[in-house]
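The next block is input.tsv, given as TSV, C-alpha atoms.
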```
chain	number	residue	atom	x	y	z
A	1	MET	CA	0.00	0.00	0.00
A	2	ALA	CA	1.35	3.45	-0.91
A	3	PHE	CA	0.23	6.76	0.56
A	4	THR	CA	0.46	10.16	-1.12
A	5	PHE	CA	-0.63	13.57	0.07
A	6	ASN	CA	-4.19	13.02	-1.09
A	7	LYS	CA	-4.46	9.42	-2.35
A	8	ILE	CA	-4.03	5.87	-1.11
A	9	PHE	CA	-2.95	3.21	-3.63
A	10	ALA	CA	-3.60	-0.46	-2.91
A	11	GLY	CA	-2.96	-3.61	-4.88
A	12	THR	CA	-5.32	-6.55	-4.43
A	13	THR	CA	-6.01	-9.86	-6.16
A	14	SER	CA	-8.59	-8.11	-8.35
A	15	GLY	CA	-6.57	-5.05	-9.39
A	16	LEU	CA	-4.88	-1.80	-8.46
A	17	TYR	CA	-7.09	0.74	-6.68
A	18	PHE	CA	-6.80	4.26	-5.37
A	19	LYS	CA	-8.91	6.53	-3.20
A	20	THR	CA	-8.59	10.08	-2.06
A	21	TYR	CA	-8.84	10.93	1.60
A	22	GLU	CA	-12.22	12.56	0.94
A	23	ASP	CA	-13.68	9.48	-0.80
A	24	SER	CA	-15.18	6.56	1.07
A	25	VAL	CA	-14.59	4.02	-1.70
A	26	PHE	CA	-11.64	2.83	-3.74
A	27	THR	CA	-11.66	3.27	-7.53
A	28	ARG	CA	-10.08	0.63	-9.76
A	29	ILE	CA	-7.31	1.98	-12.00
A	30	ALA	CA	-5.87	-1.30	-13.32
A	31	ASN	CA	-7.22	-4.80	-13.79
A	32	MET	CA	-4.72	-7.44	-12.69
A	33	PRO	CA	-4.82	-11.00	-11.37
A	34	GLY	CA	-3.06	-10.01	-8.15
A	35	PRO	CA	0.11	-8.34	-6.96
A	36	ASN	CA	3.11	-10.24	-5.77
A	37	ASP	CA	4.98	-7.05	-4.98
A	38	MET	CA	4.40	-3.30	-5.13
A	39	ILE	CA	7.23	-0.74	-5.19
A	40	LEU	CA	7.91	2.83	-6.26
A	41	ASP	CA	10.46	3.55	-8.99
A	42	SER	CA	12.95	6.43	-8.98
A	43	SER	CA	10.37	8.76	-10.55
A	44	ASN	CA	7.75	7.87	-7.90
A	45	ARG	CA	5.58	5.73	-10.16
A	46	ILE	CA	3.99	2.62	-8.68
A	47	ILE	CA	5.30	-0.67	-10.09
A	48	ILE	CA	3.42	-3.90	-9.43
A	49	ALA	CA	4.78	-7.33	-10.31
A	50	THR	CA	2.11	-9.96	-10.96
A	51	ASN	CA	1.93	-13.45	-12.39
A	52	SER	CA	0.89	-11.96	-15.75
A	53	GLY	CA	3.42	-9.14	-16.02
A	54	ILE	CA	4.81	-5.95	-14.57
A	55	TYR	CA	2.64	-2.83	-14.45
A	56	ARG	CA	3.66	0.80	-13.88
A	57	SER	CA	1.40	3.76	-13.14
A	58	LYS	CA	1.24	6.44	-15.84
A	59	GLU	CA	1.80	9.34	-13.49
A	60	SER	CA	4.20	9.83	-10.61
A	61	ILE	CA	2.96	10.40	-7.09
A	62	ASN	CA	4.30	12.45	-4.20
A	63	VAL	CA	4.98	9.86	-1.53
A	64	VAL	CA	4.33	10.52	2.12
A	65	SER	CA	4.94	6.94	3.25
A	66	VAL	CA	4.91	3.37	1.99
A	67	GLU	CA	3.52	0.52	4.04
A	68	ASN	CA	4.38	-3.09	3.28
A	69	GLU	CA	1.17	-4.97	3.98
A	70	MET	CA	1.20	-8.72	3.51
A	71	TYR	CA	-1.68	-10.07	1.44
A	72	LEU	CA	-3.72	-12.62	3.37
A	73	PRO	CA	-6.08	-14.85	1.38
A	74	GLN	CA	-9.81	-14.46	1.99
A	75	SER	CA	-10.69	-18.06	1.08
A	76	PHE	CA	-9.20	-21.51	0.70
A	77	SER	CA	-7.92	-22.38	-2.76
A	78	LEU	CA	-5.77	-24.95	-4.49
A	79	GLU	CA	-4.31	-23.70	-7.76
A	80	GLN	CA	-3.46	-25.70	-10.84
A	81	ASN	CA	0.11	-26.95	-10.77
A	82	TYR	CA	2.59	-25.32	-13.13
A	83	PRO	CA	4.01	-26.23	-15.47
A	84	ASN	CA	1.40	-28.78	-16.48
A	85	PRO	CA	2.29	-31.11	-18.16
A	86	PHE	CA	5.57	-31.34	-16.24
A	87	ASN	CA	8.87	-33.23	-16.25
A	88	PRO	CA	10.38	-33.76	-13.70
A	89	ASN	CA	9.35	-30.79	-11.46
A	90	THR	CA	6.14	-28.90	-10.90
A	91	THR	CA	4.92	-26.31	-8.39
A	92	ILE	CA	1.68	-26.52	-6.42
A	93	LYS	CA	0.33	-23.31	-4.88
A	94	PHE	CA	-2.43	-22.99	-2.28
A	95	ASN	CA	-4.06	-20.33	-0.07
A	96	LEU	CA	-5.15	-20.58	3.55
A	97	PRO	CA	-7.36	-17.83	5.01
A	98	GLU	CA	-6.80	-19.12	8.54
A	99	GLN	CA	-4.45	-21.36	10.48
A	100	ASN	CA	-5.12	-25.03	9.77
A	101	TYR	CA	-3.57	-28.46	9.74
A	102	VAL	CA	-2.76	-29.09	6.06
A	103	THR	CA	-2.25	-32.36	4.25
A	104	ILE	CA	-1.32	-32.48	0.57
A	105	LYS	CA	-1.00	-35.87	-1.09
A	106	VAL	CA	-0.36	-37.14	-4.61
A	107	PHE	CA	-2.30	-40.13	-6.01
A	108	ASP	CA	-2.14	-42.21	-9.18
A	109	VAL	CA	-5.20	-42.82	-11.40
A	110	LEU	CA	-6.11	-45.90	-9.35
A	111	GLY	CA	-6.30	-43.82	-6.17
A	112	ARG	CA	-3.10	-45.19	-4.64
A	113	GLU	CA	-1.18	-42.68	-2.57
A	114	ILE	CA	2.14	-41.87	-4.24
A	115	LYS	CA	3.58	-39.25	-1.91
A	116	THR	CA	2.68	-36.94	0.98
A	117	LEU	CA	3.93	-33.43	0.15
A	118	MET	CA	2.76	-31.74	3.35
A	119	ASN	CA	1.38	-32.90	6.68
A	120	GLU	CA	1.66	-30.04	9.17
A	121	GLU	CA	0.06	-27.03	10.83
A	122	LYS	CA	0.26	-23.84	8.72
A	123	SER	CA	-0.71	-20.25	9.47
A	124	SER	CA	-2.84	-18.22	7.05
A	125	GLY	CA	-1.06	-17.23	3.86
A	126	THR	CA	-0.05	-18.34	0.38
A	127	TYR	CA	2.26	-21.32	-0.02
A	128	GLU	CA	4.08	-23.13	-2.81
A	129	ILE	CA	5.36	-26.71	-2.83
A	130	ASN	CA	7.80	-28.15	-5.34
A	131	PHE	CA	6.96	-31.69	-6.45
A	132	SER	CA	9.90	-33.49	-8.03
A	133	VAL	CA	9.65	-36.99	-9.49
A	134	GLU	CA	12.24	-39.28	-10.96
A	135	ASP	CA	10.81	-42.75	-10.38
A	136	LEU	CA	7.26	-42.26	-11.72
A	137	THR	CA	6.11	-43.14	-15.21
A	138	SER	CA	4.36	-40.75	-17.58
A	139	GLY	CA	0.67	-40.39	-16.90
A	140	VAL	CA	-2.12	-38.64	-15.06
A	141	TYR	CA	-1.77	-38.00	-11.32
A	142	PHE	CA	-3.95	-36.19	-8.80
A	143	TYR	CA	-3.04	-33.97	-5.87
A	144	ARG	CA	-5.39	-33.25	-2.99
A	145	ILE	CA	-5.37	-30.73	-0.18
A	146	ASP	CA	-7.20	-31.27	3.10
A	147	ALA	CA	-7.27	-28.32	5.49
A	148	GLY	CA	-9.94	-28.41	8.17
A	149	LYS	CA	-13.28	-28.77	6.38
A	150	TYR	CA	-11.76	-27.73	3.03
A	151	SER	CA	-10.75	-30.38	0.53
A	152	GLU	CA	-9.98	-30.08	-3.17
A	153	THR	CA	-8.38	-32.29	-5.82
A	154	LYS	CA	-6.66	-31.30	-9.07
A	155	LYS	CA	-5.28	-33.32	-11.96
A	156	MET	CA	-1.69	-33.06	-13.30
A	157	LEU	CA	0.12	-34.72	-16.17
A	158	LEU	CA	3.66	-36.11	-16.04
A	159	MET	CA	5.27	-36.46	-19.47
A	160	LYS	CA	8.70	-38.05	-19.71
```
structure tokens encoding of this file:
Amino acid sequence: MAFTFNKIFAGTTSGLYFKTYEDSVFTRIANMPGPNDMILDSSNRIIIATNSGIYRSKESINVVSVENEMYLPQSFSLEQNYPNPFNPNTTIKFNLPEQNYVTIKVFDVLGREIKTLMNEEKSSGTYEINFSVEDLTSGVYFYRIDAGKYSETKKMLLMK
């Protein structure tokens, strides 16, 4: 979040917003999938790095202060692994809105457990796990997250 003399800029998972101190609502100024980082360049323009690219504001701002606010997810989610198809490594990303005991397991198409990637208590936040295989054959595999009452399964493809 960046503060100027009369505006507040905030990056969220749905875009970049600003509001003036007189306004009660934020106005969207850019449509993005979500910021991974927000900084100011040497000419005081906001730069946001996202999964889909890097964005810079058109005009510079007069900065009063910059606050580094960590993004905390609002809901549980399990994202599609990437790359997919993969060989021999892939990344699995998930979001926890609250502290929970998390289990992530990989299964073959017959439902047999192949590997447990995580089995521990985690605080709220966004996490990534690297899944590396060397002894599996090409084919379809599934990964499942269980966190409290939340459970979700996704499909991934190993191509050797």
Top pick for closest residue to Val102 of chain A, considering A:Asn81, A:Ser75, A:Ser151, A:Ser138 and counting all atoms listed in the file: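 That would be A:Ser151, the residue with the smallest distance to Val102 of chain A.
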Once you count all atoms listed in the file, what closest atom pair and distance in Å to one decimal does each residue of segment 74-96 of chain A within 12 Å of segment 113-118 of chain A have, with rows by chain and rising residue number, as CSV?
```
residue,atom,partner,partner_atom,distance
A:Thr91,CA,A:Leu117,CA,11.2
A:Ile92,CA,A:Leu117,CA,9.8
A:Lys93,CA,A:Leu117,CA,11.9
A:Phe94,CA,A:Met118,CA,11.6
```
Taking only residues of segment 113-141 of chain A that have an atom at most 12 Å from an atom of segment 152-157 of chain A, what is each one's shortest atom pair and its distance in Å to one decimal, using all atoms listed in the file, in chain and number order, as a tab-separated table?
```
residue	atom	partner	partner_atom	distance
A:Phe131	CA	A:Met156	CA	11.1
A:Val133	CA	A:Leu157	CA	11.9
A:Leu136	CA	A:Leu157	CA	11.3
A:Thr137	CA	A:Leu157	CA	10.4
A:Ser138	CA	A:Leu157	CA	7.5
A:Gly139	CA	A:Leu157	CA	5.7
A:Val140	CA	A:Leu157	CA	4.6
A:Tyr141	CA	A:Met156	CA	5.3
```
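Checking A:Val109, A:Ile129, A:Ile104, A:Leu158 one by one against Phe86 of chain A, counting all atoms listed in the file, you find the shortest gap at A:Leu158.
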From A:Glu134, A:Glu79, A:Glu120, A:Glu128, residue lying nearest Thr103 of chain A [only C-alpha atoms]: A:Glu120
A:Gly125, A:Asp135, A:Asn130, A:Gln80 ranked by distance to Leu96 of chain A, top pick (using all atoms listed in the file):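 Between A:Gly125, A:Asp135, A:Asn130, A:Gln80, the residue approaching Leu96 of chain A most closely is A:Gly125.
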Nearest to Ala147 of chain A by atom-to-atom distance, counting only C-alpha atoms, from A:Pro88, A:Val106, A:Lys122, A:Gln74: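 Using only C-alpha atoms, Ala147 of chain A sits closest to A:Lys122.
The space between atom CA of Gly148 of chain A and atom CA of Ser124 of chain A spans 12.5 Å.
What separates atom CA of Asn89 of chain A from atom CA of Lys149 of chain A is a distance of 28.9 Å.
Around the coordinate (-3.3, -19.6, 5.6), residues that reach within 8 Å when counting only C-alpha atoms are Leu72, Pro73, Phe76, Asn95, Leu96, Pro97, Glu98, Gln99, Asn100, Lys122, Ser123, Ser124, Gly125 and Thr126 of chain A.
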Gap from atom CA of Asn84 of chain A to atom CA of Tyr150 of chain A - Å, one decimal: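 Atom CA of Tyr150 of chain A lies at a distance of 23.6 Å from atom CA of Asn84 of chain A.
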Residue nearest Arg144 of chain A among A:Tyr127, A:Tyr82, A:Tyr101, A:Phe107 (counting all atoms listed in the file): A:Phe107
